[in-house]
$ cat target32.txt   # compact mmCIF, C-alpha atoms
# COMPACT_ATOMS: atom_id res chain seq x y z
CA MET A 1 73.62 9.92 5.35
CA ARG A 2 73.15 6.17 4.78
CA ASN A 3 74.06 5.56 8.44
CA PHE A 4 71.62 8.19 9.59
CA GLY A 5 68.86 6.29 7.80
CA LEU A 6 69.89 3.07 9.54
CA TYR A 7 69.91 4.71 12.99
CA ALA A 8 66.57 6.35 12.36
CA SER A 9 65.07 3.01 11.29
CA LEU A 10 66.40 1.28 14.42
CA LEU A 11 64.99 4.03 16.64
CA LEU A 12 61.65 3.80 14.88
CA LEU A 13 61.65 0.01 15.38
CA ALA A 14 62.43 0.46 19.08
CA LEU A 15 59.64 2.98 19.51
CA THR A 16 57.20 0.68 17.73
CA VAL A 17 58.13 -2.36 19.83
CA THR A 18 57.95 -0.31 23.03
CA SER A 19 54.58 1.06 22.10
CA ARG A 20 53.27 -2.43 21.17
CA ALA A 21 54.47 -3.81 24.50
CA ASP A 22 52.70 -1.04 26.37
CA ASN A 23 49.51 -1.61 24.44
CA PHE A 24 49.58 -5.38 24.82
CA LEU A 25 47.11 -5.30 27.65
CA ASP A 26 44.76 -2.80 26.05
CA THR A 27 41.16 -3.77 26.03
CA PRO A 28 39.34 -3.68 22.74
CA GLY A 29 36.07 -2.25 24.01
CA LYS A 30 34.50 -0.63 27.03
CA GLY A 31 35.60 -2.94 29.81
CA SER A 32 35.22 -5.81 27.40
CA TYR A 33 37.72 -8.18 25.84
CA VAL A 34 35.30 -9.36 23.17
CA SER A 35 33.28 -7.29 20.72
CA PHE A 36 30.11 -8.25 18.87
CA GLU A 37 30.11 -7.66 15.15
CA PRO A 38 26.92 -6.22 13.63
CA VAL A 39 24.49 -8.79 12.27
CA GLN A 40 22.52 -8.23 9.10
CA THR A 41 18.79 -8.50 9.60
CA VAL A 42 17.74 -12.13 9.46
CA THR A 43 14.55 -13.04 7.67
CA ILE A 44 12.34 -15.69 9.18
CA VAL A 45 9.52 -17.36 7.36
CA PRO A 46 6.95 -18.60 9.89
CA GLY A 47 7.24 -22.31 10.33
CA ARG A 48 10.78 -22.47 8.94
CA PRO A 49 13.81 -22.07 11.19
CA SER A 50 16.51 -19.65 10.09
CA THR A 51 20.12 -19.56 11.19
CA VAL A 52 21.65 -16.42 12.57
CA GLN A 53 25.42 -16.17 12.69
CA LEU A 54 26.82 -14.18 15.57
CA HIS A 55 30.38 -13.02 14.94
CA PHE A 56 32.66 -12.08 17.80
CA ARG A 57 36.11 -10.57 17.80
CA ILE A 58 38.56 -11.12 20.66
CA GLY A 59 41.12 -8.44 21.53
CA SER A 60 44.71 -9.01 20.50
CA GLY A 61 46.69 -10.91 23.12
CA TYR A 62 43.61 -12.41 24.77
CA HIS A 63 41.92 -15.77 24.60
CA ILE A 64 38.63 -16.94 26.05
CA ASN A 65 37.56 -20.43 27.01
CA SER A 66 35.62 -22.24 24.31
CA ASN A 67 32.15 -23.62 24.96
CA ARG A 68 33.85 -26.86 26.00
CA PRO A 69 37.04 -25.79 27.72
CA GLY A 70 37.83 -29.27 29.01
CA SER A 71 37.72 -28.62 32.74
CA GLU A 72 34.79 -28.12 35.04
CA LEU A 73 36.72 -25.33 36.75
CA LEU A 74 36.94 -23.23 33.62
CA ILE A 75 34.09 -20.96 32.65
CA PRO A 76 32.71 -21.91 29.23
CA THR A 77 31.68 -19.35 26.62
CA ARG A 78 27.90 -19.33 26.33
CA VAL A 79 25.35 -17.40 24.33
CA LYS A 80 21.87 -16.83 25.67
CA LEU A 81 19.15 -15.36 23.46
CA MET A 82 16.06 -13.68 24.76
CA PRO A 83 13.73 -13.25 21.79
CA PRO A 84 10.40 -11.44 21.94
CA SER A 85 7.18 -13.42 21.99
CA ASP A 86 6.35 -15.17 18.72
CA ILE A 87 10.07 -15.61 18.01
CA MET A 88 11.80 -18.69 19.37
CA ALA A 89 15.48 -19.41 19.82
CA GLY A 90 16.49 -22.96 19.01
CA ARG A 91 19.73 -24.83 19.10
CA ILE A 92 22.90 -22.83 19.56
CA THR A 93 26.01 -24.23 17.88
CA TYR A 94 29.46 -23.24 19.04
CA PRO A 95 32.61 -23.58 16.97
CA ALA A 96 35.33 -25.97 18.02
CA GLY A 97 38.02 -24.09 19.91
CA LYS A 98 41.74 -24.32 19.40
CA THR A 99 43.52 -26.74 21.69
CA LEU A 100 46.53 -24.86 22.95
CA SER A 101 48.95 -24.91 25.82
CA PHE A 102 50.01 -21.67 27.43
CA PRO A 103 53.20 -20.55 29.17
CA PHE A 104 51.39 -20.76 32.51
CA ALA A 105 50.55 -24.46 32.02
CA LEU A 106 52.65 -26.05 29.33
CA GLU A 107 51.64 -29.58 30.25
CA GLU A 108 47.93 -28.76 30.15
CA LYS A 109 45.91 -28.32 26.97
CA LEU A 110 43.14 -25.75 27.04
CA ASN A 111 40.41 -25.37 24.48
CA VAL A 112 40.01 -21.71 23.66
CA TYR A 113 38.83 -19.16 21.15
CA THR A 114 41.29 -16.58 19.88
CA GLU A 115 40.98 -13.68 17.45
CA GLU A 116 37.41 -14.34 16.24
CA PHE A 117 34.68 -16.93 16.37
CA THR A 118 31.14 -17.41 15.15
CA VAL A 119 28.21 -18.86 17.07
CA LYS A 120 25.18 -20.08 15.10
CA ALA A 121 21.67 -20.02 16.50
CA LEU A 122 18.42 -21.24 15.08
CA LEU A 123 15.52 -18.82 15.17
CA SER A 124 11.96 -19.47 14.22
CA SER A 125 8.65 -17.77 14.61
CA THR A 126 5.27 -19.09 15.56
CA ARG A 127 2.73 -19.46 12.84
CA ALA A 128 0.78 -16.74 14.57
CA ALA A 129 3.64 -14.27 14.23
CA MET A 130 2.71 -11.21 12.24
CA PRO A 131 5.13 -9.98 9.58
CA GLY A 132 7.42 -7.21 10.75
CA LYS A 133 10.73 -6.38 12.35
CA PHE A 134 11.63 -7.69 15.79
CA THR A 135 14.66 -7.12 17.98
CA VAL A 136 16.30 -10.08 19.64
CA HIS A 137 18.32 -9.42 22.76
CA GLY A 138 20.87 -11.75 24.21
CA GLN A 139 24.18 -12.05 25.95
CA LEU A 140 27.57 -13.64 25.60
CA HIS A 141 29.06 -14.91 28.84
CA TYR A 142 32.81 -15.48 28.72
CA GLN A 143 36.02 -15.36 30.69
CA ALA A 144 39.20 -13.96 29.17
CA CYS A 145 42.87 -14.48 29.89
CA THR A 146 46.22 -13.40 28.54
CA ASN A 147 49.32 -15.56 28.73
CA ASN A 148 49.95 -14.58 32.34
CA ALA A 149 46.67 -13.38 33.84
CA CYS A 150 42.96 -14.03 33.84
CA PHE A 151 40.08 -11.60 34.15
CA PRO A 152 36.73 -11.96 35.88
CA PRO A 153 33.88 -13.41 33.82
CA LYS A 154 32.03 -10.87 31.71
CA THR A 155 28.64 -10.65 30.07
CA LEU A 156 28.45 -8.87 26.73
CA PRO A 157 24.97 -7.72 25.71
CA LEU A 158 23.87 -8.64 22.21
CA GLN A 159 21.17 -7.20 20.00
CA PHE A 160 20.12 -7.83 16.43
CA ASP A 161 17.05 -7.55 14.27
CA VAL A 162 14.98 -10.23 12.60
CA ARG A 163 12.29 -9.72 10.04
CA VAL A 164 9.35 -12.05 9.97
CA SER A 165 8.11 -12.40 6.43
CA LYS A 166 4.65 -13.38 5.37
CA HIS A 167 3.78 -17.01 5.90
CA LEU A 168 3.96 -18.79 2.56
CA ALA A 169 0.55 -20.36 2.97
CA SER A 170 -1.08 -17.18 4.11
CA SER A 171 0.67 -14.77 1.80
CA ARG A 172 -2.64 -14.08 0.12
CA SER A 173 -4.13 -12.78 3.34
CA THR A 174 -3.67 -9.12 4.13
CA SER A 175 -2.10 -8.59 7.53
CA THR A 176 -1.43 -5.39 9.35
CA HIS A 177 2.11 -4.71 10.50
CA ARG A 178 2.21 -5.23 14.21
CA GLY A 179 5.86 -4.44 14.95
CA GLN A 180 7.82 -5.40 18.05
CA SER A 181 5.89 -7.44 20.54
CA PRO A 182 5.97 -5.90 23.99
CA HIS A 183 6.49 -9.33 25.54
CA ILE A 184 10.15 -10.12 25.88
CA ARG A 185 10.78 -13.75 26.64
CA ARG A 186 13.54 -14.18 29.22
CA MET B 187 87.03 1.75 16.60
CA ASN B 188 85.72 4.44 14.31
CA ARG B 189 83.01 6.93 15.20
CA ASN B 190 80.30 5.20 13.20
CA THR B 191 80.81 1.92 15.02
CA VAL B 192 80.53 3.64 18.40
CA VAL B 193 77.34 5.39 17.36
CA LEU B 194 75.90 2.14 16.02
CA MET B 195 76.67 0.35 19.29
CA VAL B 196 75.05 3.14 21.31
CA VAL B 197 71.93 2.91 19.14
CA ILE B 198 71.78 -0.89 19.54
CA VAL B 199 72.07 -0.57 23.34
CA LEU B 200 69.40 2.13 23.33
CA VAL B 201 67.07 -0.07 21.27
CA ALA B 202 67.62 -3.01 23.63
CA VAL B 203 66.92 -0.85 26.69
CA MET B 204 63.74 0.55 25.14
CA ILE B 205 62.45 -2.91 24.22
CA TYR B 206 63.19 -4.20 27.73
CA ALA B 207 61.57 -1.15 29.34
CA GLY B 208 58.46 -1.52 27.19
CA VAL B 209 57.97 -5.19 27.92
CA HIS B 210 58.82 -4.83 31.61
CA ASN B 211 56.54 -1.84 32.00
CA SER B 212 53.63 -3.60 30.34
CA ARG B 213 54.04 -6.56 32.68
CA LYS B 214 54.62 -4.61 35.89
CA SER B 215 51.91 -2.05 35.34
CA GLY B 216 49.51 -4.92 34.85
CA TYR B 217 46.06 -3.78 33.98
CA ARG B 218 46.48 -0.03 34.04
CA ALA B 219 45.51 -0.06 30.39
CA TYR B 220 41.96 -0.78 31.41
CA ALA B 221 41.66 2.62 33.03
CA ASN B 222 40.47 4.03 29.76
CA SER B 223 37.86 1.34 29.36
CA GLY B 224 35.78 2.10 32.42
CA ASP B 225 37.25 -0.50 34.74
CA LYS B 226 38.60 0.61 38.08
CA LEU B 227 42.27 1.53 38.23
CA PRO B 228 44.75 0.13 40.65
CA ALA B 229 45.98 2.75 43.06
CA GLY B 230 49.19 3.42 41.14
CA ASP B 231 52.49 2.73 42.83
CA VAL B 232 51.60 1.17 46.15
CA LYS B 233 55.11 0.62 47.47
CA GLY B 234 55.47 1.93 51.03
CA LYS B 235 51.72 2.36 51.48
CA THR B 236 49.87 0.72 54.33
CA ALA B 237 47.95 -2.35 53.23
CA PRO B 238 44.23 -1.70 53.75
CA ASP B 239 42.82 -3.78 56.55
CA PHE B 240 39.90 -6.11 55.94
CA THR B 241 37.93 -8.86 57.58
CA LEU B 242 37.12 -11.96 55.55
CA ASN B 243 35.94 -15.45 56.40
CA THR B 244 37.98 -18.59 56.17
CA LEU B 245 36.40 -21.55 54.40
CA GLU B 246 35.37 -22.79 57.84
CA GLY B 247 33.50 -19.53 58.45
CA GLN B 248 35.94 -17.99 60.90
CA ALA B 249 36.42 -14.22 60.55
CA VAL B 250 40.03 -13.17 59.98
CA LYS B 251 41.47 -9.66 59.96
CA LEU B 252 44.58 -8.81 57.99
CA SER B 253 45.79 -6.79 60.97
CA ASP B 254 45.78 -10.00 63.04
CA TYR B 255 48.99 -10.80 61.19
CA ARG B 256 50.84 -7.64 62.20
CA GLY B 257 54.38 -8.68 63.07
CA LYS B 258 54.45 -11.24 60.27
CA ALA B 259 55.37 -10.75 56.65
CA VAL B 260 52.26 -11.37 54.56
CA LEU B 261 51.99 -12.46 50.97
CA LEU B 262 48.46 -11.48 49.99
CA ASN B 263 47.41 -13.27 46.82
CA PHE B 264 44.13 -12.67 44.97
CA TRP B 265 43.22 -15.75 42.91
CA ALA B 266 40.32 -17.79 41.55
CA THR B 267 39.66 -21.42 40.69
CA TRP B 268 39.05 -20.48 37.03
CA CYS B 269 42.42 -18.73 36.75
CA GLY B 270 45.06 -20.88 35.04
CA PRO B 271 48.08 -18.73 35.94
CA CYS B 272 46.96 -18.76 39.60
CA LYS B 273 47.24 -22.55 39.61
CA VAL B 274 50.88 -22.29 38.63
CA GLU B 275 51.73 -20.19 41.67
CA MET B 276 49.96 -22.30 44.24
CA PRO B 277 52.56 -25.09 44.51
CA TRP B 278 55.22 -22.37 44.82
CA PHE B 279 53.27 -20.78 47.67
CA VAL B 280 53.00 -24.18 49.36
CA ASP B 281 56.80 -24.55 49.18
CA LEU B 282 57.45 -20.98 50.29
CA GLN B 283 55.05 -21.25 53.23
CA LYS B 284 56.94 -24.37 54.35
CA GLN B 285 60.31 -22.73 53.85
CA TYR B 286 59.66 -19.31 55.38
CA GLY B 287 56.72 -19.94 57.72
CA SER B 288 59.00 -20.40 60.70
CA GLN B 289 60.66 -17.05 59.94
CA GLY B 290 57.33 -15.26 60.14
CA LEU B 291 55.77 -15.55 56.68
CA GLN B 292 52.02 -15.94 56.32
CA ILE B 293 50.64 -16.48 52.85
CA ILE B 294 46.99 -15.51 52.48
CA GLY B 295 45.06 -16.50 49.38
CA VAL B 296 41.91 -14.47 48.77
CA ALA B 297 39.61 -16.44 46.48
CA MET B 298 37.67 -14.12 44.18
CA ASP B 299 35.33 -16.88 42.99
CA ASP B 300 31.57 -16.77 42.76
CA SER B 301 31.49 -20.54 42.81
CA GLY B 302 31.04 -20.93 46.55
CA LYS B 303 33.22 -22.15 49.37
CA ASP B 304 32.79 -25.87 48.65
CA ALA B 305 34.31 -25.52 45.18
CA ILE B 306 37.12 -23.36 46.59
CA ASP B 307 37.74 -25.83 49.40
CA LYS B 308 37.85 -28.79 47.01
CA PHE B 309 40.24 -26.97 44.71
CA ALA B 310 42.52 -25.88 47.56
CA LYS B 311 42.67 -29.43 48.89
CA GLU B 312 43.52 -30.80 45.46
CA MET B 313 46.34 -28.26 45.23
CA GLY B 314 47.63 -29.28 48.68
CA VAL B 315 47.33 -25.73 49.98
CA ASN B 316 48.95 -25.31 53.42
CA TYR B 317 48.32 -21.59 53.82
CA LEU B 318 45.32 -19.50 54.73
CA ILE B 319 42.49 -19.27 52.19
CA LEU B 320 39.84 -16.59 52.61
CA GLN B 321 36.61 -16.03 50.71
CA GLY B 322 37.04 -12.76 48.86
CA LYS B 323 34.63 -9.87 48.54
CA GLU B 324 34.51 -7.25 45.83
CA ALA B 325 34.96 -4.49 48.42
CA VAL B 326 38.32 -5.95 49.43
CA GLY B 327 39.37 -6.16 45.79
CA ASP B 328 38.32 -2.53 45.38
CA ALA B 329 40.39 -1.51 48.36
CA TYR B 330 43.39 -3.07 46.66
CA GLY B 331 42.97 -1.10 43.47
CA GLY B 332 40.21 -3.10 41.85
CA VAL B 333 42.20 -6.33 41.31
CA LEU B 334 41.16 -6.39 37.67
CA GLY B 335 43.25 -9.38 36.74
CA LEU B 336 44.34 -12.50 38.56
CA PRO B 337 46.68 -13.41 40.05
CA THR B 338 47.43 -10.15 41.85
CA THR B 339 49.85 -10.29 44.75
CA PHE B 340 50.89 -7.85 47.45
CA PHE B 341 54.00 -8.34 49.57
CA ILE B 342 53.44 -6.80 52.99
CA ASP B 343 56.13 -6.31 55.62
CA ARG B 344 55.83 -6.95 59.34
CA ASN B 345 54.55 -3.40 59.88
CA GLY B 346 51.73 -3.67 57.40
CA ARG B 347 53.42 -1.70 54.63
CA ILE B 348 53.41 -2.89 51.06
CA ILE B 349 56.91 -3.79 49.87
CA ASP B 350 55.87 -4.55 46.30
CA SER B 351 53.01 -5.87 44.22
CA SER B 352 52.59 -7.79 41.02
CA ALA B 353 49.77 -8.16 38.53
CA GLY B 354 49.78 -11.39 36.56
CA LEU B 355 52.00 -14.40 36.89
CA ILE B 356 55.62 -13.67 37.85
CA GLY B 357 58.50 -16.05 38.48
CA LYS B 358 59.02 -17.97 41.69
CA GLY B 359 62.41 -16.30 42.11
CA GLU B 360 60.85 -12.84 42.06
CA ILE B 361 58.21 -13.93 44.57
CA GLU B 362 60.87 -15.33 46.88
CA GLU B 363 62.96 -12.15 46.64
CA ASN B 364 59.97 -10.07 47.70
CA ILE B 365 59.23 -12.45 50.57
CA LYS B 366 62.81 -12.07 51.79
CA LYS B 367 62.50 -8.28 51.59
CA ALA B 368 59.24 -8.36 53.55
CA LEU B 369 60.74 -10.64 56.20
CA SER B 370 63.85 -8.48 56.54
CA VAL B 371 61.92 -5.46 57.80
CA GLU B 372 62.09 -5.28 61.58
CA PRO B 373 58.77 -4.81 63.36
CA GLU B 374 58.32 -1.32 64.71
CA SER B 375 57.14 -0.73 68.23
CA LYS B 376 53.41 -0.03 68.52
CA GLY B 377 53.92 3.68 68.97
CA THR B 378 55.76 4.14 65.71
CA SER B 379 54.13 1.58 63.40
CA ALA B 380 51.95 2.51 60.44
CA GLY B 381 48.28 2.78 61.17
CA GLY B 382 45.51 1.36 59.11
CA GLN B 383 46.37 -2.24 58.78

$ encode --input "target32.txt" --output "structure tokens"
Amino acid sequence: MRNFGLYASLLLLALTVTSRADNFLDTPGKGSYVSFEPVQTVTIVPGRPSTVQLHFRIGSGYHINSNRPGSELLIPTRVKLMPPSDIMAGRITYPAGKTLSFPFALEEKLNVYTEEFTVKALLSSTRAAMPGKFTVHGQLHYQACTNNACFPPKTLPLQFDVRVSKHLASSRSTSTHRGQSPHIRR
Amino acid sequence: MNRNTVVLMVVIVLVAVMIYAGVHNSRKSGYRAYANSGDKLPAGDVKGKTAPDFTLNTLEGQAVKLSDYRGKAVLLNFWATWCGPCKVEMPWFVDLQKQYGSQGLQIIGVAMDDSGKDAIDKFAKEMGVNYLILQGKEAVGDAYGGVLGLPTTFFIDRNGRIIDSSAGLIGKGEIEENIKKALSVEPESKGTSAGGQ
């Protein structure tokens, strides 16, 4: 009976390893190797920049080039934000990648993101912005690889909400909620 | 040897075979996993199928048809300048073109870059490429099963039939074996050869 347990465990281990190997190349999302984690609504006070943190998760077994991959041939990871009018996107800060070498180029060091990374962006509103909720659209452009193959560059759409609060100086004034501006800045 | 030992050995062999099969299958089947994610599937097992013909331009702008190389063994390699694993293969292809070119091998690299022919040309020169480089088109990639990952390589015999294919980086030895297989196929006379290519 003890031996049966051992054999069963070995078989289970084999099935697990086989299944993991088969799933190694699975993609984590719809045709995407990177997913965008939901962002909590960011509050912006007119005249004061706020930082939004954009969290991304990379599928297991994949890596993507960092924003500074170290070679002009490699496609850097970039975020582009397209806020509505009255909201402005400022400086975008990328995390430092990991400097790694891969089986396909042991002598070469590549700067990459693996597992997850966070990009920070400054957002501000004009002083004329009316209080209310706005949706910011954007995109993440990246190029993913595994240890033995690379995949064509992809663009992941991003979307998150910001709330413009009342301007501190004009908080006494009564303003009417205007909502999303129809003018999307691209 | 008692019965338990025999059973244990059988189980160990079985485990080893299953692990090997799993890893091998994941590598050989390449990007089939993406089928569920909306990307286009490769056309399954392509061995013995006629390689789809295409016309693409060289970096000098000259139109080239795959079927122009009927009678030669063709190694058709989809690559890109941004693809690290592709860079590893290129010096191997240079060597193999030198070694087997006189026996009838033609290596064709199809660049799937958006970066333009100047960047491709510069890269190919830096890599010392001595084989044919063509500017790829999505339609050609689609005809070859989508070519979802790079490098993707097809080994085509002298009659335009696919001997084997690989998705992702494989060893130089495996590439050379497939080249030898492709070269070993005798050309058929025009009346009996496969159509299409």

$ closest_atom_pairs --input "target32.txt" --of "segment 257-294 of chain B" --to "segment 314-333 of chain B" --cutoff "9 Å" --atoms "all atoms listed in the file" --output "Markdown table"
| residue | atom | partner | partner_atom | distance |
| --- | --- | --- | --- | --- |
| B:Phe264 | CA | B:Val333 | CA | 7.6 |
| B:Met276 | CA | B:Val315 | CA | 7.2 |
| B:Pro277 | CA | B:Val315 | CA | 7.6 |
| B:Phe279 | CA | B:Tyr317 | CA | 7.9 |
| B:Val280 | CA | B:Asn316 | CA | 5.8 |
| B:Asp281 | CA | B:Asn316 | CA | 9.0 |
| B:Gln283 | CA | B:Tyr317 | CA | 6.8 |
| B:Lys284 | CA | B:Asn316 | CA | 8.1 |
| B:Gln292 | CA | B:Tyr317 | CA | 7.2 |
| B:Ile293 | CA | B:Tyr317 | CA | 5.7 |
| B:Ile294 | CA | B:Leu318 | CA | 4.9 |

$ atom_distance --input "target32.txt" --atom1 "atom CA of Thr41 of chain A" --atom2 "atom CA of Arg78 of chain A"
21.9 Å

$ axis_aligned_box --input "target32.txt" --around "segment 81-95 of chain A" --padding-each-side "5 Å" --output "lines of an AutoDock Vina configuration file"
center_x = 19.5
center_y = -18.1
center_z = 20.9
size_x = 36.3
size_y = 23.4
size_z = 17.8

$ residues_around --input "target32.txt" --residues "Gly302 of chain B" --least-positions-apart "3" --cutoff "12 Å" --atoms "all atoms listed in the file" --output "JSON, numbers by chain"
{"B": [245, 266, 267, 297, 298, 299, 305, 306, 307, 308, 309, 320, 321, 322, 323]}

$ residues_around --input "target32.txt" --residues "Gly354 of chain B" --least-positions-apart "3" --cutoff "7 Å" --atoms "all atoms listed in the file" --output "PyMOL selection string"
(chain A and resi 148-149) or (chain B and resi 216+335-338)

$ closest_residue --input "target32.txt" --among "A:Ser124, A:Gln40, A:Ser66, A:Thr99" --to "Phe160 of chain A" --atoms "all atoms listed in the file"
A:Gln40

$ closest_residue --input "target32.txt" --among "A:Ser165, A:Ser101, A:Gln139, A:Gln53" --to "Thr118 of chain A" --atoms "only C-alpha atoms"
A:Gln53

$ atom_distance --input "target32.txt" --atom1 "atom CA of Val371 of chain B" --atom2 "atom CA of Asn243 of chain B"
27.9 Å

$ closest_residue --input "target32.txt" --among "B:Val274, B:Val296, B:Val232, B:Ile349" --to "chain A" --atoms "all atoms listed in the file"
B:Val274

$ build_atoms --input "target32.txt" --residues "segment 127-146 of chain A" --atoms "N, CA, C and O atoms" --output "PDB file, in the frame of the given file"
ATOM      1  N   ARG A 127       3.557 -19.680  14.031  1.00  0.00           N
ATOM      2  CA  ARG A 127       2.730 -19.460  12.840  1.00  0.00           C
ATOM      3  C   ARG A 127       1.823 -18.243  13.023  1.00  0.00           C
ATOM      4  O   ARG A 127       1.358 -17.654  12.059  1.00  0.00           O
ATOM      5  N   ALA A 128       1.641 -17.900  14.299  1.00  0.00           N
ATOM      6  CA  ALA A 128       0.780 -16.740  14.570  1.00  0.00           C
ATOM      7  C   ALA A 128       1.523 -15.420  14.442  1.00  0.00           C
ATOM      8  O   ALA A 128       0.924 -14.349  14.514  1.00  0.00           O
ATOM      9  N   ALA A 129       2.851 -15.506  14.271  1.00  0.00           N
ATOM     10  CA  ALA A 129       3.640 -14.270  14.230  1.00  0.00           C
ATOM     11  C   ALA A 129       3.227 -13.409  13.053  1.00  0.00           C
ATOM     12  O   ALA A 129       3.049 -13.906  11.932  1.00  0.00           O
ATOM     13  N   MET A 130       3.079 -12.137  13.307  1.00  0.00           N
ATOM     14  CA  MET A 130       2.710 -11.210  12.240  1.00  0.00           C
ATOM     15  C   MET A 130       3.984 -10.725  11.554  1.00  0.00           C
ATOM     16  O   MET A 130       5.024 -10.586  12.186  1.00  0.00           O
ATOM     17  N   PRO A 131       3.930 -10.474  10.277  1.00  0.00           N
ATOM     18  CA  PRO A 131       5.130  -9.980   9.580  1.00  0.00           C
ATOM     19  C   PRO A 131       5.585  -8.649  10.188  1.00  0.00           C
ATOM     20  O   PRO A 131       4.772  -7.840  10.626  1.00  0.00           O
ATOM     21  N   GLY A 132       6.880  -8.453  10.218  1.00  0.00           N
ATOM     22  CA  GLY A 132       7.420  -7.210  10.750  1.00  0.00           C
ATOM     23  C   GLY A 132       8.817  -7.418  11.307  1.00  0.00           C
ATOM     24  O   GLY A 132       9.389  -8.507  11.219  1.00  0.00           O
ATOM     25  N   LYS A 133       9.352  -6.348  11.847  1.00  0.00           N
ATOM     26  CA  LYS A 133      10.730  -6.380  12.350  1.00  0.00           C
ATOM     27  C   LYS A 133      10.694  -6.556  13.864  1.00  0.00           C
ATOM     28  O   LYS A 133       9.906  -5.905  14.569  1.00  0.00           O
ATOM     29  N   PHE A 134      11.541  -7.419  14.358  1.00  0.00           N
ATOM     30  CA  PHE A 134      11.630  -7.690  15.790  1.00  0.00           C
ATOM     31  C   PHE A 134      13.098  -7.572  16.220  1.00  0.00           C
ATOM     32  O   PHE A 134      14.002  -7.873  15.438  1.00  0.00           O
ATOM     33  N   THR A 135      13.290  -7.191  17.450  1.00  0.00           N
ATOM     34  CA  THR A 135      14.660  -7.120  17.980  1.00  0.00           C
ATOM     35  C   THR A 135      14.878  -8.263  18.961  1.00  0.00           C
ATOM     36  O   THR A 135      14.076  -8.453  19.882  1.00  0.00           O
ATOM     37  N   VAL A 136      15.942  -8.982  18.727  1.00  0.00           N
ATOM     38  CA  VAL A 136      16.300 -10.080  19.640  1.00  0.00           C
ATOM     39  C   VAL A 136      17.443  -9.591  20.530  1.00  0.00           C
ATOM     40  O   VAL A 136      18.439  -9.063  20.032  1.00  0.00           O
ATOM     41  N   HIS A 137      17.260  -9.750  21.811  1.00  0.00           N
ATOM     42  CA  HIS A 137      18.320  -9.420  22.760  1.00  0.00           C
ATOM     43  C   HIS A 137      18.977 -10.707  23.233  1.00  0.00           C
ATOM     44  O   HIS A 137      18.360 -11.779  23.179  1.00  0.00           O
ATOM     45  N   GLY A 138      20.181 -10.578  23.703  1.00  0.00           N
ATOM     46  CA  GLY A 138      20.870 -11.750  24.210  1.00  0.00           C
ATOM     47  C   GLY A 138      22.133 -11.356  24.933  1.00  0.00           C
ATOM     48  O   GLY A 138      22.377 -10.165  25.178  1.00  0.00           O
ATOM     49  N   GLN A 139      22.913 -12.336  25.286  1.00  0.00           N
ATOM     50  CA  GLN A 139      24.180 -12.050  25.950  1.00  0.00           C
ATOM     51  C   GLN A 139      25.210 -13.150  25.701  1.00  0.00           C
ATOM     52  O   GLN A 139      24.854 -14.313  25.500  1.00  0.00           O
ATOM     53  N   LEU A 140      26.445 -12.708  25.694  1.00  0.00           N
ATOM     54  CA  LEU A 140      27.570 -13.640  25.600  1.00  0.00           C
ATOM     55  C   LEU A 140      28.268 -13.633  26.953  1.00  0.00           C
ATOM     56  O   LEU A 140      28.686 -12.577  27.439  1.00  0.00           O
ATOM     57  N   HIS A 141      28.359 -14.790  27.543  1.00  0.00           N
ATOM     58  CA  HIS A 141      29.060 -14.910  28.840  1.00  0.00           C
ATOM     59  C   HIS A 141      30.402 -15.573  28.564  1.00  0.00           C
ATOM     60  O   HIS A 141      30.454 -16.633  27.937  1.00  0.00           O
ATOM     61  N   TYR A 142      31.485 -14.946  29.015  1.00  0.00           N
ATOM     62  CA  TYR A 142      32.810 -15.480  28.720  1.00  0.00           C
ATOM     63  C   TYR A 142      33.791 -15.082  29.802  1.00  0.00           C
ATOM     64  O   TYR A 142      33.503 -14.229  30.645  1.00  0.00           O
ATOM     65  N   GLN A 143      34.956 -15.697  29.743  1.00  0.00           N
ATOM     66  CA  GLN A 143      36.020 -15.360  30.690  1.00  0.00           C
ATOM     67  C   GLN A 143      37.336 -15.326  29.921  1.00  0.00           C
ATOM     68  O   GLN A 143      37.692 -16.289  29.246  1.00  0.00           O
ATOM     69  N   ALA A 144      38.009 -14.200  29.993  1.00  0.00           N
ATOM     70  CA  ALA A 144      39.200 -13.960  29.170  1.00  0.00           C
ATOM     71  C   ALA A 144      40.488 -14.076  29.983  1.00  0.00           C
ATOM     72  O   ALA A 144      40.509 -13.837  31.198  1.00  0.00           O
ATOM     73  N   CYS A 145      41.533 -14.431  29.289  1.00  0.00           N
ATOM     74  CA  CYS A 145      42.870 -14.480  29.890  1.00  0.00           C
ATOM     75  C   CYS A 145      43.896 -13.972  28.879  1.00  0.00           C
ATOM     76  O   CYS A 145      43.631 -13.950  27.675  1.00  0.00           O
ATOM     77  N   THR A 146      45.052 -13.588  29.391  1.00  0.00           N
ATOM     78  CA  THR A 146      46.220 -13.400  28.540  1.00  0.00           C
ATOM     79  C   THR A 146      47.153 -14.580  28.848  1.00  0.00           C
ATOM     80  O   THR A 146      46.731 -15.536  29.485  1.00  0.00           O
TER      81      THR A 146
END
